[in-house]
Structures are given as C-alpha cells and as structure tokens.
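Engineer: Pasting a structure below so you can have a look.
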Amino acid sequence: MIDRRTLLKAGLATAPLAGISFAEAPQPDVPWQRRIRRLGQLNMTEHDPISLNVEEWADYWASLKIDAVLVSVTGILAFYQTKVPFHRKGKYLGDRDFFGECCAAAKKRGLRVIARMSPDLNWEDAVQAHPEWFQRNAQGEAVRHGEDPRLFRTCMFSTYMTDYMPAIMREINSLYDVDGLFTNAWPPLGSLPVCYCDQCRRLPRPGTPAFWDKFNDRVMYLWKLYDGIAKEKKPSNFYFANLGGGIRSGPNLKLLGEVCEWFQCDNQGRGGDLTPIWGCALQGRVCAAVQQGKMATNVTAAWSTGTPRWRNVFKSPQEAQMWMNETLASGMVPYWHFIGGEKGMGEDRRWLEAGRQYFVWTAKHDRHFVNRRSIANIGVVMGQRAHLFYTPPRGATMSQFIDGMYYALVEGRFLFDFIHEDNLAPENLKKYAAVLLPNTALLSDEQCRQLRAYVDAGGSLLGTFETSLYSERNERRADFGLADVFGIRKAGDVIGTTGNGYYARIEKRHPILEGFTNTNWLPGAEYRLPVAPVDGPVLTVVPGFVAYPPELSYPVESRTDEPAVVLREKGKSRLAWFPGDIERTLWRSGHTDLSRLLQNAIRWVSGGSQPVTVAGDGVAEVFAWETEPGFAVHVLNYTNPAMHKGWIREFYPIGPQKVRMRLPAGMRVTRVELLRAAADTPFRIAGGALEFTIARVADYEVAAVYCA
Ligand SMILES: [Zn+2]
C-alpha cells in the first residue's frame, strides 16, 4: 500500500490530469469544531421549563449520535437565574436553572454545548430605561417586532451589543461548562438594517456600499469582541453566529470567512413559493467559497417552513431528507431542528424518528463526508455586491440570474464551485478551466484586472448582460470593465420587450449551437444591453416585436449586425459574452433552448472535458470531493414534480447512472461502495479513468471511492 505522501514525494500525485491532484494531508491538530459531524437543537420555548423532560431531551440527541447541541440562553427570555438587568426570566422558569440542567444532561452524555443567544429583541421596560438600545423608524419611534408587538428591535450599532450582550455572555461563562457562544438573528441574513437612531443617523445612507463598509466594520468588531469573550472561558472556545441567506447575505462573506471558525447557515428549508429544490446545495457552495475548509453547518427545519409557517408540526419527511442530502453533498454538516419540547418532545413527535434514522446512517460513513477539496473545473462568481446593490431592469431580481445559471449547470451536470468576487486572485482561479460571470454587474478595477490576468494565463470566461458595467461602489462605467477581455463595446442602453423577446439568428455553425437543427432562429432573451458589431458573428439579434396582434407579430427588421453572442479564442482562452439576460430569461420562461445554449457555451469555454461525468436519465445535481479514503461522488436526484415549487412528497427513482472519473496517475482504486444502497458496485479502469454504474438513485446516492 502506498500512501498519498509517498505519492506526493514521488511526484505521482500531481498528475497532469486537469482537475484532480492531491493536496497535503491535513494536520492532526484539527480544532474540535471541525470534527463535528452532526448537530441538534430543540429551540426552547418559554413554556418548556415546565413541560420538557430534560433527560428525555438529552437521550434523544445522544441517540442521533450528535456531537453538540445548541441550548437556549437567549437575551429575549432567560432560561436560567440571570442577574443581568433587563434579561427577563420566562414566566414558567420559576427558580429553576433550566439551561444549567440541560447543559449538565448533555455533558453527561458526552455532547458539546453551545450557548445560544438572541440579541435582536427586548421588552418595553428596556425601551424606557435604555432608549438608545433600540432601532428607530424615520419618525423616531422604537420599532416594534412585526409578529409580537410587545417586543422591540434592538440596534446593532448601539451599546446593547457592547454592554448587554457581553454581560450575558460573561455570566454564562462564569456559571456553566459551555464550549462556545452563538447568536441567533444577528448579523442580519439577506438584507442590511435600516435604522434612524442617533448613532445610525451619523452613518452613510442605508443600503449603499458606503453604509455596507460601516456595517461590515461593526460586524467584524462585534464578532471579534464576542470571540474574545468566548475564549475567556477556554482558549478552544469561540463565537459564531447564524449566517446564510445564500449569495444575498448581509455581511461581506469574504471578510467573515477570515474570522469565522464555524459558518452556521440559517437556511432551514423552502416553502410554498417558487423556490427551487437546490436552495440548500447553493448555500453549501457559498460556504465552501469562503470557509476554505473550515466548519460549515446548515440547519434543517423539521418544522414546517413556508407560508404560513407551522413551527410545531413536522414537514414532509421527503423534503426534510432532501435538504439534509444537499447539506452533506455540498460539504456541510447536518443539523436537525425542531421548536418546543412538550412532553414526549412535542405535540407532533413524527420528526423524532425521521431525524434519528438519517443521522444514524450518516454516522456509519463519517469519513466519506469529510472533504479535502472539491473536484470541480468550473468556477461561478457569486457577485455578493451585485446581489446587494445592483438594480436590475423592471421585474427582474438578481436571484433569477443565479437560479437560471444554476438550473443550466444542474441540467448539464457540471461540477462547479462558487467564487466570491473578492477571491479572484490568480492562485484561487488557477484550478478552473472556466469562470462564469452571471450578470456580475459590480466588479472593481482590481477585480477586472484579476480576471484579465486569468485569461492572459489561459483561463476562459463566460459573461452575461451587465457584468462589469458597474464599479464595486455601484458607479456606472461608460463601457464594460471587461470590454477588452471579451472584445465587446457597449452600443446603447438596456432594451426590454413589448411582447416577444428578441430572437437570435443563426449566422454560422459553432459548437455552442450543437443540437439546434432545422431552425434559423433561437429565442434571445427578455432584456439585452446592445454591443457593437463583431466580425463573423455566430448569432445576431432579431429585435423583438409585438406578440399580439398576430397580424403584426413579425420582424420589421429581420437581419441586423448586432451580436446576440460574442465568441472569441485567444491562445488557450475561450471567451463567451451574452449581451442578453439569458440565464434570467431561462429561469423566467423555462425555455429549453436557452438551457441548451448555455450548457453548450459552458462546455465550450471549459474545453469540453470534465473531471467526473455522471450520465443517465433525470435531473440530478452532482458533487465530487476528495476525501480521506479517496473520493466521494454525490448524486442528488431532483427529478420530481416539486423540483421548482412546494415540497417533495415522494421520490421518483432514476435508473442507471454511468460514472466516469479521471484518476491521478499512480492511484489504485480498491473498492467503490454505494453508501445509500449499502452495497459495493463493480468498477473498471479504462484509459486512466474509473468507470462504474449506479444502478438506481431514489433521492440520493454517494459513491465512496477507496484508493490505495
Ligand atoms: Zn440604530
């Protein structure tokens, strides 16, 4: 048996096969939190001190082989005998030390305890005594909570965060054997706070990049303050907070990733609205982009997410299970969560066994879920600033751009990572055959320079619509910041539609048009930003016209020289520019041609070869990771009538999936185990690649590849 270090020394592990090479083995002194594989939380209610059986609660979590539990201290209602002024004790607490009892019961079973606090709300007596702690509306009134008007919203720029919360944290440290401090409901998830209190009136206007700078300064300051307090207890303790919000996240995730030991996503599930099933996998990609291998968890609500919510009844078990599948597949640690623990752990107890079965299964396979790095050859720039500050055309949202691109990537079964726009340095991009820019409207001069350098070094790009038209401060440029890289020039302002979208006329054959026969036209998009004519265009714009009346539904001008795509080859680099909001229009219209065109273009820019392919019927999202035993290929089966809306209520199995994976030279595969099927599968090596078939995927399969 040859280990990886020997291979590295022999120069065998750094094989010239694109996309796969071995990193150094991790250091043995891994902090405890990075070894956590399962988490649980019963979110305690005011009533629980007289109804929850603490021993039963601890037994349940221990039976799930949980490594740590989050236990409520709060800040809104105290679950212990606090002496901190305005930390109101719950009316059923009496003289009990409920937090202390839970903490002791968990410790007795070998579970770590994270003290959970909520700094977001407090009561009217606190408003009277400390008016400066609270958010104010434009009229100067303290802002009440939308659901329970007895509560008021606190301001994160106030001394509530530097006096009141630290007092609670230090009190907890002084009384209990806790392993970490956690705040719920701060920092804000997907939007930035708007407050007119005296402190906030001195800040830049809310919702602007200048405000965001101050907001990020404050988040970093408080994060470090709380982390310091956590470490006063034990050096191995630390602070973390609930994050999430996907790409549209409040704090600058690149900055946060530098201080954040544990990225805890409060992305609990989808509801009845039009939310695609991949919401959790997308969140995992965001975490992977900024955590650089550090801990990330996502909490799955066993309770009913959606509109309206039912916090205290179980949701569809299949939906909850898919959310946990995605958590694992995207490299996060699963975390099971329910609200309120009446006797027997709730009026609805169906969630208990569902969580137990899933977690006990994961516990058998932990080493296959500890990832060293992702095997992906495509990077997708997240554009966090575009998601926060850019104003898309009427009726459009930035999430439509990301959902459309994601849809095409899933349908094409591409292996991809997200990249934060502040992480575009050459060393971060060199592993990617292509980088995609889905309407990454805000890019700084420096970020444009980094992308230019990537292309000069042989990298390929695909960009759409208003990518690089704005600076990082949301200031509009006269022309695209990446105009020279893509060989484009802005030739007008955004054009919308009065019925039909515009069309794209096929001018000549090209690999991005594979599969399109017997048509001169393809759908264009809803909006476009015209660019100047280029030599030998592949697709040109047929301007839109009315859809009704049909008498007038024909082009006044059937041929123009305005490009509908600009394709360029420069050395090894391939560049594709779509002037339309093509990925967003794919999302809006569902048009299969747009997905095919995008997939073809992604295949073309990335050089047509993928490190791992999974071929078979159905819609499936694929992840591949390097692990300690070798590799893990994850297949998530999204083939389901509830893929775009509502909840999964049943699984629709897909048939044989043929997996082909390029192997680094010198690697010997000893075994391929299907972790959900609980069976080995035969494999063969052909042309330096591993080949095997997954006969059937109900909801999820993980092929664990053992290497010697
Ligand atoms: Zn304020």
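In the structure tokens, the first chain shown is A, the next is B, and so on; residue numbers restart at 1 for each chain, and ligands run from 1 in the order shown.
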Any idea what's packed within 12 Å of Cys103 of chain A, counting only C-alpha atoms, ignoring anything in its chain fewer than 2 positions away? Could you give it as a count of residues only?

Structural biologist: 35

Engineer: Distance limit 8 Å, reference ligand 1, atoms considered: only C-alpha atoms and all ligand atoms. Which residues make the cut? Give them as a list in words.

Structural biologist: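 Here is the list of contacting residues: Trp133, Phe134, Gln135, Arg136, Thr154, Cys155, Met156, Phe157, Ser158, Val194, Cys195, Tyr196, Cys197, Asp198, Gln199, Cys200 and Arg201 of chain A.
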
Engineer: Could you work out how far atom CA of Trp604 of chain A lies from atom CA of Gln450 of chain A, giving the answer in Å with one decimal?

Structural biologist: 21.9 Å

Engineer: Calculate how many Å separate atom CA of Gln268 of chain A from atom CA of Thr300 of chain A, rounding to one decimal.

Structural biologist: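 For atom CA of Gln268 of chain A relative to atom CA of Thr300 of chain A, the distance reads 4.6 Å.
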
Engineer: For segment 587-622 of chain A against segment 509-513 of chain A, with a cut-off of 10 Å and counting only C-alpha atoms, what is the closest atom pair and its distance in Å to one decimal for every residue that makes the cut, ordered by chain and number, as JSON lines?

Structural biologist:
{"residue": "A:Asp593", "atom": "CA", "partner": "A:Leu513", "partner_atom": "CA", "distance": 9.8}
{"residue": "A:Arg596", "atom": "CA", "partner": "A:Leu513", "partner_atom": "CA", "distance": 8.4}
{"residue": "A:Leu597", "atom": "CA", "partner": "A:Ile512", "partner_atom": "CA", "distance": 6.2}
{"residue": "A:Leu598", "atom": "CA", "partner": "A:Ile512", "partner_atom": "CA", "distance": 7.9}
{"residue": "A:Gln599", "atom": "CA", "partner": "A:Ile512", "partner_atom": "CA", "distance": 8.1}
{"residue": "A:Asn600", "atom": "CA", "partner": "A:Ile512", "partner_atom": "CA", "distance": 4.6}
{"residue": "A:Ala601", "atom": "CA", "partner": "A:Ile512", "partner_atom": "CA", "distance": 5.0}
{"residue": "A:Ile602", "atom": "CA", "partner": "A:Ile512", "partner_atom": "CA", "distance": 8.5}
{"residue": "A:Arg603", "atom": "CA", "partner": "A:Ile512", "partner_atom": "CA", "distance": 8.1}
{"residue": "A:Trp604", "atom": "CA", "partner": "A:Ile512", "partner_atom": "CA", "distance": 6.6}
{"residue": "A:Val605", "atom": "CA", "partner": "A:Ile512", "partner_atom": "CA", "distance": 9.4}
{"residue": "A:Gly608", "atom": "CA", "partner": "A:Pro511", "partner_atom": "CA", "distance": 10.0}

Engineer: Taking the DSSP assignment computed from this structure's backbone, write out as a list in words all residues of segment 420-466 of chain A that belong to strand (DSSP E).

Structural biologist: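 Here is the list: Ala434, Val435, Leu436, Leu437, Ser460, Leu461, Leu462, Gly463 and Thr464 of chain A.
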
Engineer: Report the distance between atom CA of Ala632 of chain A and atom CA of Gly246 of chain A in Å, rounded to one decimal place.

Structural biologist: 24.2 Å

Engineer: Have a look at A:Gly496, A:Pro549, A:Pro629, A:Pro149 and name the one nearest to Met667 of chain A; count only C-alpha atoms.

Structural biologist: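 For Met667 of chain A, the nearest of the candidates is A:Pro629.
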
Engineer: Considering only C-alpha atoms, return as a PyMOL selection string whatever protein or nucleic-acid residues lie within 12 Å of Phe414 of chain A, sequence-local ones (same chain, fewer than 2 positions apart) excluded.

Structural biologist: chain A and resi 375-380+405-412+416-417+434+598-600+602-603+606+608-615+619-624+635

Engineer: Sort by chain and increasing residue number a table of all residues of segment 267-313 of chain A within 12 Å of segment 339-360 of chain A, each with its closest pair of atoms and their distance in Å to one decimal, counting only C-alpha atoms, and write it as a tab-separated table.

Structural biologist:
residue	atom	partner	partner_atom	distance
A:Thr300	CA	A:Gly355	CA	9.9
A:Ala301	CA	A:Ile339	CA	8.9
A:Ala302	CA	A:Trp351	CA	6.0
A:Trp303	CA	A:Ile339	CA	7.1
A:Ser304	CA	A:Ile339	CA	10.3
A:Thr305	CA	A:Ile339	CA	11.8
A:Arg309	CA	A:Ile339	CA	11.9
A:Trp310	CA	A:Ile339	CA	9.8
A:Arg311	CA	A:Ile339	CA	6.2
A:Asn312	CA	A:Ile339	CA	5.9
A:Val313	CA	A:Asp348	CA	5.5

Engineer: Output C-alpha atoms for every residue in the selection just made, as a PDB file, in the first residue's frame.

Structural biologist:
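Result went into again_33.pdb, see below:
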ATOM      1  CA  THR A 300     -32.698  21.692   8.523  1.00  0.00           C
ATOM      2  CA  ALA A 301     -36.096  22.582   9.915  1.00  0.00           C
ATOM      3  CA  ALA A 302     -38.065  19.517  10.863  1.00  0.00           C
ATOM      4  CA  TRP A 303     -40.836  22.072  11.452  1.00  0.00           C
ATOM      5  CA  SER A 304     -42.905  23.415   8.556  1.00  0.00           C
ATOM      6  CA  THR A 305     -41.118  26.177   6.678  1.00  0.00           C
ATOM      7  CA  ARG A 309     -45.337  28.519   8.869  1.00  0.00           C
ATOM      8  CA  TRP A 310     -46.144  25.860  11.407  1.00  0.00           C
ATOM      9  CA  ARG A 311     -43.282  25.915  13.825  1.00  0.00           C
ATOM     10  CA  ASN A 312     -44.567  22.969  15.812  1.00  0.00           C
ATOM     11  CA  VAL A 313     -45.584  20.333  13.269  1.00  0.00           C
TER      12      VAL A 313
END
